[in-house]
Structure formats: structure tokens, C-alpha cells
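The file protein.csv contains CSV, C-alpha atoms:
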chain,number,residue,atom,x,y,z
A,849,MET,CA,-24.7,-4.4,-16.7
A,850,THR,CA,-23.8,-5.5,-13.2
A,851,PHE,CA,-21.1,-7.9,-14.5
A,852,SER,CA,-19.7,-5.1,-16.7
A,853,PHE,CA,-19.7,-2.7,-13.8
A,854,GLN,CA,-17.9,-5.1,-11.5
A,855,HIS,CA,-15.2,-5.9,-14.1
A,856,ARG,CA,-14.7,-2.4,-15.4
A,857,ALA,CA,-16.0,-3.2,-18.9
A,858,ASP,CA,-17.1,0.4,-19.5
A,859,ASN,CA,-17.8,0.1,-23.2
A,860,GLU,CA,-20.1,-2.9,-22.6
A,861,LEU,CA,-21.8,-1.1,-19.8
A,862,TYR,CA,-22.6,1.9,-22.0
A,863,TRP,CA,-23.7,-0.2,-24.9
A,864,SER,CA,-26.0,-2.3,-22.7
A,865,PHE,CA,-27.5,0.8,-21.1
A,866,ASP,CA,-28.0,2.4,-24.6
A,867,VAL,CA,-30.0,-0.7,-25.6
A,868,ALA,CA,-32.0,-0.8,-22.3
A,869,ILE,CA,-33.3,2.7,-22.8
A,870,GLY,CA,-34.4,2.2,-26.4
A,871,THR,CA,-37.9,1.1,-25.5
A,872,LEU,CA,-40.6,3.1,-23.9
A,873,PRO,CA,-41.8,3.1,-21.2
A,874,LEU,CA,-38.4,3.1,-19.6
A,875,HIS,CA,-37.5,0.3,-17.3
A,876,PRO,CA,-37.6,1.3,-13.5
A,877,GLN,CA,-33.9,0.3,-13.2
A,878,VAL,CA,-32.9,3.2,-15.5
A,879,LYS,CA,-33.1,5.6,-12.6
A,880,THR,CA,-31.1,3.2,-10.3
A,881,TRP,CA,-28.3,2.8,-12.9
A,882,ILE,CA,-27.7,6.5,-13.5
A,883,GLU,CA,-27.4,6.9,-9.7
A,884,ARG,CA,-25.2,3.9,-9.4
A,885,TYR,CA,-22.9,5.0,-12.3
A,886,PRO,CA,-23.5,8.7,-13.0
A,887,PRO,CA,-21.8,9.1,-16.4
A,888,LEU,CA,-24.6,7.0,-17.9
A,889,VAL,CA,-26.8,10.1,-17.5
A,890,TYR,CA,-25.2,11.5,-20.7
A,891,VAL,CA,-26.2,8.3,-22.6
A,892,LEU,CA,-29.7,9.0,-21.4
A,893,LEU,CA,-29.7,12.6,-22.4
A,894,LYS,CA,-28.3,11.7,-25.8
A,895,ALA,CA,-31.1,9.3,-26.4
A,896,TYR,CA,-33.7,11.7,-25.1
A,897,PRO,CA,-32.3,15.2,-25.8
A,898,PRO,CA,-33.6,18.3,-24.0
A,899,THR,CA,-36.1,20.5,-25.9
A,900,GLU,CA,-35.4,24.0,-27.3
A,901,GLU,CA,-37.2,25.3,-24.2
A,902,MET,CA,-34.5,23.7,-22.1
A,903,THR,CA,-36.8,21.1,-20.6
A,904,LEU,CA,-36.5,17.4,-20.4
A,905,PRO,CA,-38.7,15.4,-22.8
A,906,GLU,CA,-41.8,13.9,-21.3
A,907,ALA,CA,-40.3,10.4,-21.4
A,908,ILE,CA,-37.7,11.3,-18.7
A,909,SER,CA,-39.2,14.4,-17.1
A,910,GLU,CA,-40.2,12.6,-13.9
A,911,MET,CA,-36.5,11.7,-13.4
A,912,CYS,CA,-35.3,15.3,-13.4
A,913,PHE,CA,-34.0,15.3,-9.8
A,914,SER,CA,-32.0,12.0,-10.4
A,915,ILE,CA,-30.7,13.4,-13.7
A,916,VAL,CA,-29.4,16.6,-12.1
A,917,LYS,CA,-27.8,14.7,-9.2
A,918,SER,CA,-26.1,12.3,-11.6
A,919,VAL,CA,-24.7,15.2,-13.7
A,920,LEU,CA,-23.3,16.7,-10.5
A,921,ARG,CA,-21.8,13.4,-9.3
A,922,ALA,CA,-20.0,12.9,-12.6
A,923,ALA,CA,-18.6,16.4,-12.5
A,924,ASN,CA,-15.1,15.5,-11.2
A,925,GLU,CA,-14.6,13.1,-14.1
A,926,LEU,CA,-16.3,15.0,-16.9
A,927,GLY,CA,-15.5,18.6,-16.1
A,928,ILE,CA,-17.0,21.3,-18.2
A,929,ALA,CA,-19.6,18.9,-19.6
A,930,THR,CA,-21.4,19.5,-16.3
A,931,LEU,CA,-22.1,23.1,-17.1
A,932,VAL,CA,-23.4,22.2,-20.6
A,933,GLY,CA,-25.6,19.5,-19.2
A,934,LEU,CA,-27.1,21.7,-16.6
A,935,GLU,CA,-27.7,24.6,-19.0
A,936,LYS,CA,-29.5,22.4,-21.4
A,937,ILE,CA,-32.1,21.5,-18.8
A,938,ALA,CA,-32.3,24.9,-17.0
A,939,GLN,CA,-36.1,25.2,-17.3
A,940,SER,CA,-36.6,21.7,-15.7
A,941,ILE,CA,-34.2,22.7,-12.9
A,942,LYS,CA,-36.3,25.9,-12.3
A,943,ASP,CA,-39.4,23.7,-11.9
A,944,LEU,CA,-37.8,21.5,-9.2
A,945,PRO,CA,-39.3,21.7,-5.8
A,946,THR,CA,-37.2,23.9,-3.5
A,947,LYS,CA,-36.2,20.9,-1.3
A,948,ASP,CA,-34.8,19.1,-4.4
A,949,TYR,CA,-33.0,22.2,-5.7
A,950,THR,CA,-31.5,22.8,-2.2
A,951,GLU,CA,-30.1,19.3,-2.1
A,952,SER,CA,-28.7,19.6,-5.6
A,953,LEU,CA,-27.0,22.9,-4.7
A,954,MET,CA,-25.4,21.4,-1.6
A,955,LEU,CA,-24.4,18.3,-3.5
A,956,ALA,CA,-22.5,20.5,-6.0
A,957,ALA,CA,-20.8,22.5,-3.1
A,958,LEU,CA,-19.7,19.4,-1.3
A,959,SER,CA,-18.8,17.0,-4.1
A,960,ILE,CA,-17.1,19.0,-6.8
A,961,ARG,CA,-13.5,19.5,-5.9
A,962,SER,CA,-12.1,21.8,-8.6
A,963,LYS,CA,-12.5,25.4,-7.3
A,964,THR,CA,-13.3,26.9,-10.7
A,965,LEU,CA,-15.8,24.2,-11.6
A,966,PHE,CA,-17.7,24.3,-8.3
A,967,GLN,CA,-18.0,28.1,-8.5
A,968,GLU,CA,-19.3,28.0,-12.1
A,969,THR,CA,-21.7,25.1,-11.3
A,970,LEU,CA,-23.2,26.8,-8.3
A,971,LEU,CA,-23.8,29.9,-10.5
A,972,VAL,CA,-25.4,27.9,-13.3
A,973,LEU,CA,-27.7,26.3,-10.8
A,974,HIS,CA,-28.6,29.6,-9.3
A,975,GLU,CA,-29.2,31.2,-12.7
A,976,SER,CA,-31.6,28.4,-13.7
A,977,ARG,CA,-33.8,29.4,-10.7
A,978,ARG,CA,-34.0,33.1,-11.7
A,979,VAL,CA,-37.3,34.3,-13.1
A,980,THR,CA,-38.6,37.7,-14.0
A,981,GLU,CA,-41.5,37.8,-11.4
A,982,VAL,CA,-41.1,36.1,-8.1
A,983,ALA,CA,-42.0,36.9,-4.5
A,984,ASP,CA,-39.4,38.8,-2.5
A,985,ALA,CA,-39.2,35.8,-0.1
A,986,ALA,CA,-38.2,33.5,-2.9
A,987,ILE,CA,-35.5,35.9,-4.0
A,988,TYR,CA,-34.1,36.1,-0.5
A,989,LEU,CA,-34.3,32.3,-0.1
A,990,HIS,CA,-32.3,31.6,-3.3
A,991,LYS,CA,-29.7,34.2,-2.5
A,992,HIS,CA,-29.3,32.8,1.0
A,993,LEU,CA,-29.1,29.2,-0.3
A,994,LEU,CA,-26.3,30.3,-2.7
A,995,GLY,CA,-24.4,32.0,0.1
A,996,VAL,CA,-24.6,28.9,2.3
A,997,ALA,CA,-23.5,26.6,-0.6
A,998,PHE,CA,-20.5,28.9,-1.3
A,999,ASP,CA,-19.5,29.0,2.4
A,1000,CYS,CA,-19.5,25.2,2.6
A,1001,ALA,CA,-17.6,24.8,-0.7
A,1002,GLU,CA,-15.0,27.4,0.4
A,1003,GLU,CA,-14.6,25.8,3.8
A,1004,ALA,CA,-13.9,22.4,2.1
A,1005,ALA,CA,-11.4,24.0,-0.3
A,1006,ASP,CA,-9.6,25.6,2.6
A,1007,ALA,CA,-9.6,22.5,4.9
A,1008,CYS,CA,-8.6,20.0,2.1
A,1009,PRO,CA,-7.2,21.8,-0.9
A,1010,CYS,CA,-7.4,19.8,-4.2
A,1011,ASP,CA,-5.7,20.3,-7.6
A,1012,ASP,CA,-7.6,20.9,-10.8
A,1013,ASN,CA,-8.1,17.1,-11.2
A,1014,GLY,CA,-9.9,17.0,-7.9
A,1015,ARG,CA,-7.2,15.1,-5.9
A,1016,PRO,CA,-6.1,16.3,-2.4
A,1017,ARG,CA,-2.8,18.2,-2.7
A,1018,ARG,CA,0.3,16.7,-1.2
A,1019,GLY,CA,1.1,17.6,2.4
A,1020,GLN,CA,-2.5,17.5,3.6
A,1021,LYS,CA,-3.1,15.8,6.9
A,1022,SER,CA,-4.8,12.4,6.4
A,1023,TYR,CA,-5.4,9.3,8.4
A,1024,PRO,CA,-5.2,5.6,7.4
A,1025,VAL,CA,-8.4,3.6,7.1
A,1026,GLN,CA,-8.4,-0.1,7.9
A,1027,ARG,CA,-11.4,-1.0,5.7
A,1028,VAL,CA,-14.1,0.6,3.6
A,1029,LEU,CA,-17.1,-1.6,3.3
A,1030,PRO,CA,-20.3,-1.2,1.2
A,1031,THR,CA,-23.7,-1.4,2.9
A,1032,GLU,CA,-27.1,-2.4,1.6
A,1033,TYR,CA,-27.5,1.2,0.4
A,1034,HIS,CA,-25.4,2.3,-2.6
A,1035,ASN,CA,-24.8,5.7,-1.1
A,1036,LYS,CA,-23.5,4.6,2.4
A,1037,VAL,CA,-20.3,2.9,3.4
A,1038,GLU,CA,-18.9,1.7,6.7
A,1039,ILE,CA,-15.4,2.9,7.6
A,1040,HIS,CA,-13.2,1.0,10.1
A,1041,LEU,CA,-10.4,2.9,11.9
A,1042,ARG,CA,-7.9,2.0,14.5
A,1043,VAL,CA,-9.5,2.5,17.9
A,1044,ASP,CA,-6.4,4.2,19.3
A,1045,LEU,CA,-6.3,6.7,16.4
A,1046,SER,CA,-7.2,10.2,17.3
A,1047,ILE,CA,-8.7,12.1,14.3
A,1048,PRO,CA,-10.7,15.3,14.1
A,1049,VAL,CA,-13.5,13.7,12.1
A,1050,ARG,CA,-16.8,13.8,13.9
A,1051,LEU,CA,-20.6,13.4,13.3
A,1052,HIS,CA,-21.6,15.7,10.4
A,1053,SER,CA,-18.0,16.2,9.3
A,1054,HIS,CA,-17.4,16.5,5.5
A,1055,VAL,CA,-14.7,14.0,4.6
A,1056,ARG,CA,-12.8,12.9,1.6
A,1057,LEU,CA,-11.6,9.3,1.1
A,1058,LEU,CA,-8.6,8.8,-1.1
A,1059,CYS,CA,-7.6,5.4,-2.5
A,1060,VAL,CA,-3.8,5.0,-1.9
A,1061,SER,CA,-3.3,1.5,-3.2
A,1062,ASN,CA,-2.8,0.6,-6.9
A,1063,PRO,CA,-6.1,-0.6,-8.3
A,1064,GLU,CA,-6.3,-4.1,-9.8
A,1065,HIS,CA,-7.0,-2.7,-13.2
A,1066,GLY,CA,-4.0,-0.6,-14.2
A,1067,TRP,CA,-5.9,1.9,-16.4
A,1068,VAL,CA,-8.3,2.9,-13.6
A,1069,ASN,CA,-7.6,6.1,-11.7
A,1070,LYS,CA,-7.4,6.0,-8.0
A,1071,ALA,CA,-10.7,6.9,-6.5
A,1072,VAL,CA,-11.5,10.0,-4.4
A,1073,LEU,CA,-14.9,10.1,-2.7
A,1074,ASP,CA,-16.6,12.9,-0.8
A,1075,GLY,CA,-19.1,12.3,1.9
A,1076,VAL,CA,-20.7,13.3,5.2
A,1077,VAL,CA,-20.4,11.3,8.4
A,1078,THR,CA,-23.9,10.2,9.5
A,1079,LYS,CA,-22.8,7.9,12.4
A,1080,ALA,CA,-19.7,7.9,14.4
A,1081,THR,CA,-18.5,5.5,17.1
A,1082,ARG,CA,-15.1,4.6,18.4
A,1083,GLY,CA,-13.2,2.9,15.5
A,1084,GLU,CA,-16.2,2.9,13.1
A,1085,MET,CA,-18.1,5.4,11.1
A,1086,THR,CA,-20.9,5.4,8.6
A,1087,VAL,CA,-20.4,7.9,5.7
A,1088,GLU,CA,-23.0,9.0,3.2
A,1089,VAL,CA,-20.9,9.2,0.0
A,1090,PHE,CA,-21.7,11.5,-2.9
A,1091,HIS,CA,-19.8,9.4,-5.5
A,1092,PRO,CA,-20.2,5.7,-6.4
A,1093,LEU,CA,-18.0,3.2,-4.4
A,1094,PRO,CA,-15.6,1.4,-6.7
A,1095,PRO,CA,-16.3,-2.3,-7.0
A,1096,GLU,CA,-12.8,-3.1,-5.7
A,1097,ALA,CA,-13.3,-0.8,-2.6
A,1098,PRO,CA,-13.1,-3.5,0.1
A,1099,ASP,CA,-9.7,-4.7,-1.2
A,1100,MET,CA,-8.2,-1.2,-1.5
A,1101,GLN,CA,-6.3,0.9,1.0
A,1102,TRP,CA,-7.7,4.3,1.8
A,1103,ASN,CA,-6.9,7.5,3.7
A,1104,ILE,CA,-9.5,9.8,5.1
A,1105,TYR,CA,-9.2,13.6,5.0
A,1106,GLU,CA,-11.2,16.1,7.1
A,1107,ALA,CA,-12.8,18.7,4.8
A,1108,GLY,CA,-14.8,20.8,7.3
A,1109,SER,CA,-17.9,20.5,9.4
A,1110,ILE,CA,-21.4,20.7,7.9
A,1111,GLY,CA,-23.6,22.7,10.1
A,1112,VAL,CA,-27.4,22.2,10.0
A,1113,ALA,CA,-29.3,25.2,8.7
A,1114,THR,CA,-33.1,25.5,8.6
A,1115,LEU,CA,-34.5,27.7,5.9
A,1116,GLN,CA,-38.3,28.1,5.8
A,1117,GLY,CA,-38.9,24.6,7.0
A,1118,PHE,CA,-36.2,22.9,4.9
A,1119,VAL,CA,-33.2,21.3,6.6
A,1120,ILE,CA,-29.9,21.1,4.6
A,1121,TYR,CA,-26.6,19.6,5.5
Could I get this file's structure written as C-alpha cells?
Amino acid sequence: MTFSFQHRADNELYWSFDVAIGTLPLHPQVKTWIERYPPLVYVLLKAYPPTEEMTLPEAISEMCFSIVKSVLRAANELGIATLVGLEKIAQSIKDLPTKDYTESLMLAALSIRSKTLFQETLLVLHESRRVTEVADAAIYLHKHLLGVAFDCAEEAADACPCDDNGRPRRGQKSYPVQRVLPTEYHNKVEIHLRVDLSIPVRLHSHVRLLCVSNPEHGWVNKAVLDGVVTKATRGEMTVEVFHPLPPEAPDMQWNIYEAGSIGVATLQGFVIY
């Protein structure tokens, strides 16, 4: 699977994963792979379909948070399938701990670039948490969370408008990046910039990285990655990216866009970015 991923052999990657999940109990690397290559989550859901009660089957129920994140991280590629995937597991989403639900909500707000799609996704997530009898505090918390998520998503849409395909529109201010390097963590990258370049990106900035060079494989779309700056020094940044880094990333040319600043809000003991 690693060889297939590195060489863009997508069919072989899907077939290998389909075989790997055919035996119970599931291998521990199943969770790692849907996080490393999010579209694989639909192969997992096809092999272990949700129940009529809109819950995940027992075999994969403990992976609910990873499954929800993978569905959201694949949204820019798979579009409306995101809404169907989330609706099918609405009961499992309702049972997520508040911390995990909050992270999922903010992931949708910051990583889905189509305005219509992120609006509908946020509403689907919110509807999945609605129950007939809950405490007033829980109702307030969920409404407030939804408001914060919409504010962050709208700010990103205003600061860096994207088309329906999730690509920054022409004419947006961007800055050249010298190198984008993977780290030991799949969700973090190091970005090297010219030290004399003055850019508005700071710590906790929401950024978008756009590949501007032609990929080695001609049929591969140029990547767009969203992320949040977690460390910033002169000429170098560490970015927590919400989308998988392409295997060719170190050899690509990239531009960085500023897409708003993510403030820190504390809600009943939970910290969200």
C-alpha cells in the first residue's frame, strides 16, 4: 500500500485496502491508512455499512472519530458524498464526546473550501447532535459551537475566496514558498520561506498551500492544502495540515495564502482553534 501511495497507483491502493479489511479483528494500521489517505474511508464503510439506526457496526465503532475526520478531509475531492456519509452515521456522531465533535466541526469549517458544501456539512453535523431532551447548557453549547464554526469558515471564505472546485480564485495575494517538507508526523509540514519576505502569516494563522508546478504524473490535480500555523520563526514555519501531503511535495513548487486568523476560544473547559 505504501508503494502504491507513493507511485499514485490508486486502483492498487484501493484493492489492497479492501483485502486488508476483510478479516476480523481489523489490523491496527486500518485507522492509520484512512487518516493518511482519507478516500479509503468509503471502502471501509462499504465493507462495514452503517446500520438502519445510523450507527457504525461494532467492528468499526471504536474508530468513529477517525472515520468522521476522514470523511471531512476527503470532502473537497468527493463533494456531496460527504453529506451522505455523515448522515448515514448520524447516531454515532451524536454519541461522540463533545471534544471530538468540536474538533470535527472546526475541521469542516477550516478545511472544506466550497462555500455551499461547508455550509451544508456544518448543518448536517449540527443536526446529528440534536436530541429531543437535553439540558439547556448543552443546547447553548452546540449553538455557540456552530456559530464559531460558521464565523471561522466565513472569514476564510472572505480572506481567500475559492471556486466550486476548492481552488483559490485568481487575483488572490499569495507568497512563494521555497520548500514544503514532511515531518515525522503525517499531519505536520515544515515550510521554508525567504527570510527577507514580509508576509502577514503569523502563529495561529489559517493558511492555504497551493501547488503551482506541474505534478510528475500528468493526470494528478494540483494539490491545495489547508492548515494552521503552529510554529513560526523567521523564514520557517510549522503547519498542521488538514489534508494529506502529496508524495511529491518536496519536489513541487508552492504558494501560500493567508486565510484568516484562528482565535482561541474556551467553551466549558474545551479549547478549540
d(CA of Ala1001 (chain A), CA of Leu958 (chain A)) in Å
5.8 Å
Counting all atoms listed in the file, give me one row per residue of region 910-1014 of chain A with an atom at most 12 Å from an atom of region 864-880 of chain A, showing the shortest contact pair and its distance in Å to one decimal, sorted by chain then residue number, as JSON lines.
{"residue": "A:Glu910", "atom": "CA", "partner": "A:Lys879", "partner_atom": "CA", "distance": 10.1}
{"residue": "A:Met911", "atom": "CA", "partner": "A:Lys879", "partner_atom": "CA", "distance": 7.0}
{"residue": "A:Cys912", "atom": "CA", "partner": "A:Lys879", "partner_atom": "CA", "distance": 10.0}
{"residue": "A:Phe913", "atom": "CA", "partner": "A:Lys879", "partner_atom": "CA", "distance": 10.1}
{"residue": "A:Ser914", "atom": "CA", "partner": "A:Lys879", "partner_atom": "CA", "distance": 6.9}
{"residue": "A:Ile915", "atom": "CA", "partner": "A:Lys879", "partner_atom": "CA", "distance": 8.2}
{"residue": "A:Val916", "atom": "CA", "partner": "A:Lys879", "partner_atom": "CA", "distance": 11.6}
{"residue": "A:Lys917", "atom": "CA", "partner": "A:Lys879", "partner_atom": "CA", "distance": 11.1}
{"residue": "A:Ser918", "atom": "CA", "partner": "A:Lys879", "partner_atom": "CA", "distance": 9.7}
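Nearest to Ala1071 (chain A) of all the residues A:Ser952, A:Ser976, A:Asn1013, A:Thr1086 is A:Asn1013, counting only C-alpha atoms.
Of the residues listed (A:Ala957, A:Leu931, A:Leu861, A:Ile908), A:Leu931 shows the shortest atom-to-atom separation from Glu975 (chain A); distances use all atoms listed in the file.
Residue nearest His1034 (chain A), chosen from A:Glu1002, A:Glu1096, A:Glu860, A:Glu883 and counting all atoms listed in the file: A:Glu883.
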For Gln854 (chain A), work out the shell of residues within 9 Å, counting only C-alpha atoms and skipping chain neighbours fewer than 3 positions away, then give it as a PyMOL selection string.
chain A and resi 849-851+857+1094-1096
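Here CA of Val919 (chain A) and CA of Leu934 (chain A) stand 7.5 Å from one another.
Close contacts of His990 (chain A), defined as residues with an atom at most 10 Å away when counting all atoms listed in the file, with chain neighbours fewer than 5 positions off set aside, comprise Thr946, Tyr949, Thr950, His974, Glu975, Arg977, Arg978, Ala985, Gly995 and Val996 of chain A.
The interatomic distance for the pair CA of Lys1021 (chain A) and CA of Met954 (chain A) works out to 24.5 Å.
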Find, counting only C-alpha atoms, the residue in A:Glu906, A:Glu900, A:Asp1099, A:Glu951 that gets nearest to Pro1030 (chain A).
A:Asp1099
When you count only C-alpha atoms, which of these residues is closest to Asn924 (chain A): A:Leu989, A:Leu965, A:Leu994, A:Ala1005?
A:Leu965
